[in-house]
Structure formats: C-alpha cells, structure tokens
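J.: Pasting a structure here, questions to come.
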Amino acid sequence: RLPVLAVIGRPNVGKSTLVNRILGRREAVVEDRPGVTRDRVTYQAEWAGRRFKVVDTGGWEQDVLGIEASVAAQAEFAIEAADAVVFVVDASVGATDTDENMVRLLRRTGKPVVLCANKVDGPSGEADAAALWSLGVGEPHPVSALHGRGTGDLLDAVLRAM
Ligand code: GDP
Ligand code: MG
C-alpha cells in the first residue's frame, strides 16, 4: 500500500495548483469515487524516487452545506485516510478563522502536518510565510505553487513526515 498524502485547506488557497505541481502535470487518476467522495480525487505521484498517493480536495466550495461545514466534513474524511497532511494556507492573506478551525481539526486527528505557506511568489513574501508560525503547526514552508518556488523543499519535508 502506497502512503497517502492529503492536501487540505480552505477554498482558493492553491491546493489544486500545488497538486498539479506535485504531479508534474501528469494528472494520473488512480482513484475517484464520485457520489461517496466526489470532492476528493486521488492521484499517484513520485518524489525523490518514492511513490505515494496525493489526494486533492477540490470542489468543497460548491457543497450545498456551505463552505465551513463542507470544509470541515471533507477535510476530516481526507485526513483520517491519510498518512500525512499538507495544510495549505494563503500566506498573502494570512491566517483566517477558517484556517484556525482547520488547525483544531488537524490537532484532533494527530496526523503529521506539513504547513505550506502558499502564494509566496518572491522573496518579499517570505515575511508573510514566517507570520504563519502563529498557527502553531510548525514551520511554514514558503511555496509558490503557481511558479514552483519552494515545492522541492516542501516535498522533502512531506517525505520525512510520511
Ligand atoms: P484551491 O481552491 O485551493 O484548489 O485553489 P486553486 O489551485 O484552484 O487556486 C486558486 C487561485 O489561486 C487560482 O487563481 C490560482 O492560479 C491561484 N494560485 C494558486 N497558487 C498560487 C501561487 O503560488 N501564487 C499565486 N500568485 N497565485 C496562486
Ligand atoms: Mg481545487
């Protein structure tokens, strides 16, 4: 069984962009269960010679239950099934109430968490990333999922956590 990495975070922080980065745009769908888990899509990925599954959690924002409730429920499902979690936060926005709620949920599950401070597109964003130490889930890894900046270091940390 391959280790499973769940990518979680509130809508529009860049989860799907990060997953495409991790996949190198191969987007090999190995598991997709519409109906039961229509908002979770699993892909097969590889980094530094290690294969793993990566679960994107796109689509929560369309859930009829509303953003907060659906994020919490789907995040909990994805986290329970995962060996490690990448928690994506938009560093250009900073920590929101939803992010704080997700931290509480993550603590309950006890799964290893790697904090991705996304949308750090250049050196000027490094301070925004450092501010996310305040979330209390460890070192914020500055990343630009859009440009690929920092994703190698993030994945190294992910492999250490799995
Ligand atoms: P998701 O809802 O968390 O899956 O977020 P998406 O991956 O769909 O991205 C939401 C928006 O953020 C899109 O317009 C992306 O192009 C943008 N985005 C994602 N990553 C980055 C990044 O590293 N830098 C910038 N500037 N924009 C990003
Ligand atoms: Mg998405």
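Lettering and numbering for the structure tokens are positional, with chains as A, B, ... in the shown order, residues counted from 1 in each chain, and ligands counted from 1 in the shown order.
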Can you check which parts of chain A lie within 12 Å of ligand 1? Per residue, the shortest pair of atoms and distance in Å to one decimal, counting only C-alpha atoms and all ligand atoms, sorted by chain and number, as CSV.

T.:
residue,atom,partner,partner_atom_place_in_ligand_line,distance
A:Val7,CA,ligand 1,3 (O),8.9
A:Ile8,CA,ligand 1,3 (O),7.9
A:Gly9,CA,ligand 1,3 (O),6.4
A:Arg10,CA,ligand 1,3 (O),6.3
A:Pro11,CA,ligand 1,2 (O),4.1
A:Asn12,CA,ligand 1,2 (O),3.3
A:Val13,CA,ligand 1,3 (O),4.1
A:Gly14,CA,ligand 1,5 (O),3.2
A:Lys15,CA,ligand 1,3 (O),3.7
A:Ser16,CA,ligand 1,7 (O),3.8
A:Thr17,CA,ligand 1,7 (O),3.7
A:Leu18,CA,ligand 1,7 (O),6.5
A:Val19,CA,ligand 1,7 (O),8.0
A:Asn20,CA,ligand 1,7 (O),8.5
A:Arg21,CA,ligand 1,20 (N),9.8
A:Asp39,CA,ligand 1,4 (O),11.0
A:Arg40,CA,ligand 1,4 (O),11.2
A:Val41,CA,ligand 1,4 (O),11.5
A:Val55,CA,ligand 1,4 (O),11.3
A:Asp56,CA,ligand 1,4 (O),7.6
A:Thr57,CA,ligand 1,4 (O),7.2
A:Gly58,CA,ligand 1,4 (O),5.2
A:Gly59,CA,ligand 1,2 (O),7.4
A:Trp60,CA,ligand 1,2 (O),8.3
A:Glu61,CA,ligand 1,2 (O),7.7
A:Gln62,CA,ligand 1,2 (O),10.5
A:Ile67,CA,ligand 1,2 (O),11.6
A:Val71,CA,ligand 1,2 (O),11.2
A:Val86,CA,ligand 1,3 (O),11.7
A:Phe87,CA,ligand 1,3 (O),10.3
A:Val88,CA,ligand 1,3 (O),7.6
A:Val89,CA,ligand 1,3 (O),8.7
A:Asp90,CA,ligand 1,21 (C),8.2
A:Ala91,CA,ligand 1,23 (O),9.3
A:Ser92,CA,ligand 1,26 (N),8.5
A:Val93,CA,ligand 1,26 (N),11.1
A:Cys116,CA,ligand 1,23 (O),10.2
A:Ala117,CA,ligand 1,23 (O),8.9
A:Asn118,CA,ligand 1,23 (O),5.2
A:Lys119,CA,ligand 1,23 (O),3.5
A:Val120,CA,ligand 1,23 (O),6.0
A:Asp121,CA,ligand 1,24 (N),5.6
A:Gly122,CA,ligand 1,24 (N),9.3
A:Gly125,CA,ligand 1,24 (N),10.3
A:Ala129,CA,ligand 1,23 (O),11.9
A:Pro142,CA,ligand 1,23 (O),9.3
A:Val143,CA,ligand 1,23 (O),6.3
A:Ser144,CA,ligand 1,23 (O),3.3
A:Ala145,CA,ligand 1,23 (O),3.9
A:Leu146,CA,ligand 1,23 (O),4.0
A:His147,CA,ligand 1,23 (O),6.3
A:Gly148,CA,ligand 1,23 (O),7.6
A:Arg149,CA,ligand 1,23 (O),8.0
A:Gly150,CA,ligand 1,23 (O),9.8
A:Thr151,CA,ligand 1,23 (O),9.9

J.: Using DSSP assignments from the backbone, pull out every residue in chain A that falls under alpha helix (DSSP H) and give it to me as a ChimeraX atom specification.

T.: /A:15-23,67-80,97-109,126-130,151-161

J.: Could you write those residues out with C-alpha atoms, as a PDB file, in the first residue's frame?

T.:
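Just written: part17.pdb:
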ATOM      1  CA  LYS A  15      -4.474  23.238  -3.340  1.00  0.00           C
ATOM      2  CA  SER A  16      -5.173  22.049  -6.901  1.00  0.00           C
ATOM      3  CA  THR A  17      -2.330  24.161  -8.277  1.00  0.00           C
ATOM      4  CA  LEU A  18       0.003  22.542  -5.753  1.00  0.00           C
ATOM      5  CA  VAL A  19      -1.256  19.053  -6.626  1.00  0.00           C
ATOM      6  CA  ASN A  20      -0.546  19.719 -10.315  1.00  0.00           C
ATOM      7  CA  ARG A  21       2.966  20.827  -9.332  1.00  0.00           C
ATOM      8  CA  ILE A  22       3.482  17.652  -7.335  1.00  0.00           C
ATOM      9  CA  LEU A  23       2.238  15.577 -10.277  1.00  0.00           C
ATOM     10  CA  ILE A  67     -18.237  26.417   2.959  1.00  0.00           C
ATOM     11  CA  GLU A  68     -17.480  25.987   6.645  1.00  0.00           C
ATOM     12  CA  ALA A  69     -19.479  22.800   7.200  1.00  0.00           C
ATOM     13  CA  SER A  70     -18.330  21.109   3.997  1.00  0.00           C
ATOM     14  CA  VAL A  71     -14.695  22.010   4.527  1.00  0.00           C
ATOM     15  CA  ALA A  72     -14.772  20.537   7.998  1.00  0.00           C
ATOM     16  CA  ALA A  73     -16.508  17.304   6.959  1.00  0.00           C
ATOM     17  CA  GLN A  74     -14.458  16.646   3.820  1.00  0.00           C
ATOM     18  CA  ALA A  75     -11.213  17.638   5.491  1.00  0.00           C
ATOM     19  CA  GLU A  76     -11.896  15.196   8.305  1.00  0.00           C
ATOM     20  CA  PHE A  77     -12.548  12.345   5.815  1.00  0.00           C
ATOM     21  CA  ALA A  78      -9.398  13.135   3.847  1.00  0.00           C
ATOM     22  CA  ILE A  79      -7.244  13.475   6.958  1.00  0.00           C
ATOM     23  CA  GLU A  80      -8.494  10.220   8.504  1.00  0.00           C
ATOM     24  CA  ASP A  97     -10.691  31.948  11.166  1.00  0.00           C
ATOM     25  CA  THR A  98     -11.266  29.016   8.813  1.00  0.00           C
ATOM     26  CA  ASP A  99      -7.535  28.235   8.896  1.00  0.00           C
ATOM     27  CA  GLU A 100      -7.605  28.324  12.724  1.00  0.00           C
ATOM     28  CA  ASN A 101     -10.580  25.926  12.716  1.00  0.00           C
ATOM     29  CA  MET A 102      -8.709  23.546  10.438  1.00  0.00           C
ATOM     30  CA  VAL A 103      -5.755  23.615  12.837  1.00  0.00           C
ATOM     31  CA  ARG A 104      -8.079  22.452  15.644  1.00  0.00           C
ATOM     32  CA  LEU A 105      -9.356  19.654  13.400  1.00  0.00           C
ATOM     33  CA  LEU A 106      -5.789  18.652  12.491  1.00  0.00           C
ATOM     34  CA  ARG A 107      -4.782  18.523  16.156  1.00  0.00           C
ATOM     35  CA  ARG A 108      -7.689  16.158  16.894  1.00  0.00           C
ATOM     36  CA  THR A 109      -6.579  13.714  14.201  1.00  0.00           C
ATOM     37  CA  GLU A 126       8.945  35.415   2.993  1.00  0.00           C
ATOM     38  CA  ALA A 127       7.787  37.555   5.929  1.00  0.00           C
ATOM     39  CA  ASP A 128       4.157  36.598   5.210  1.00  0.00           C
ATOM     40  CA  ALA A 129       5.210  32.952   5.363  1.00  0.00           C
ATOM     41  CA  ALA A 130       7.076  33.405   8.657  1.00  0.00           C
ATOM     42  CA  THR A 151       7.892  22.939  -3.781  1.00  0.00           C
ATOM     43  CA  GLY A 152      11.003  20.719  -3.663  1.00  0.00           C
ATOM     44  CA  ASP A 153      11.723  21.650  -0.054  1.00  0.00           C
ATOM     45  CA  LEU A 154       8.042  21.146   0.800  1.00  0.00           C
ATOM     46  CA  LEU A 155       8.056  17.652  -0.699  1.00  0.00           C
ATOM     47  CA  ASP A 156      11.284  16.761   1.118  1.00  0.00           C
ATOM     48  CA  ALA A 157       9.509  17.670   4.367  1.00  0.00           C
ATOM     49  CA  VAL A 158       6.456  15.647   3.317  1.00  0.00           C
ATOM     50  CA  LEU A 159       8.545  12.518   2.709  1.00  0.00           C
ATOM     51  CA  ARG A 160      10.181  12.924   6.120  1.00  0.00           C
ATOM     52  CA  ALA A 161       6.699  13.135   7.689  1.00  0.00           C
TER      53      ALA A 161
END

J.: List the spatial neighbours of Lys53 in chain A as JSON, numbers by chain - criterion: any atom at most 8 Å away, only C-alpha atoms, same-chain residues fewer than 5 positions off excluded.

T.: {"A": [2, 3, 4, 5, 42, 43, 44, 45]}

J.: Can I get the selected residues back with C-alpha atoms, as a tab-separated table (two decimals), in the first residue's frame?

T.:
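Listed below is the output, part.tsv:
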chain	number	residue	atom	x	y	z
A	2	LEU	CA	1.33	3.40	-1.01
A	3	PRO	CA	1.45	6.18	1.59
A	4	VAL	CA	-1.34	8.74	1.21
A	5	LEU	CA	-0.85	12.50	1.33
A	42	THR	CA	-6.59	10.70	-5.67
A	43	TYR	CA	-3.57	10.75	-7.95
A	44	GLN	CA	-0.37	8.76	-7.99
A	45	ALA	CA	2.78	10.82	-7.50

J.: Any idea what the distance is between CA of Ala48 in chain A and CA of Pro123 in chain A?

T.: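 Separation between CA of Ala48 in chain A and CA of Pro123 in chain A: 25.7 Å.
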
J.: In Å to one decimal, how far is CA of Val85 in chain A from CA of Glu139 in chain A?

T.: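 Taking CA of Glu139 in chain A as the start and CA of Val85 in chain A as the end point, the length is 13.7 Å.
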
J.: One decimal, Å: what's the distance from CA of Ser134 in chain A over to CA of Ala81 in chain A, could you say?

T.: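 If I compute the distance from CA of Ser134 in chain A to CA of Ala81 in chain A, I get 26.7 Å.
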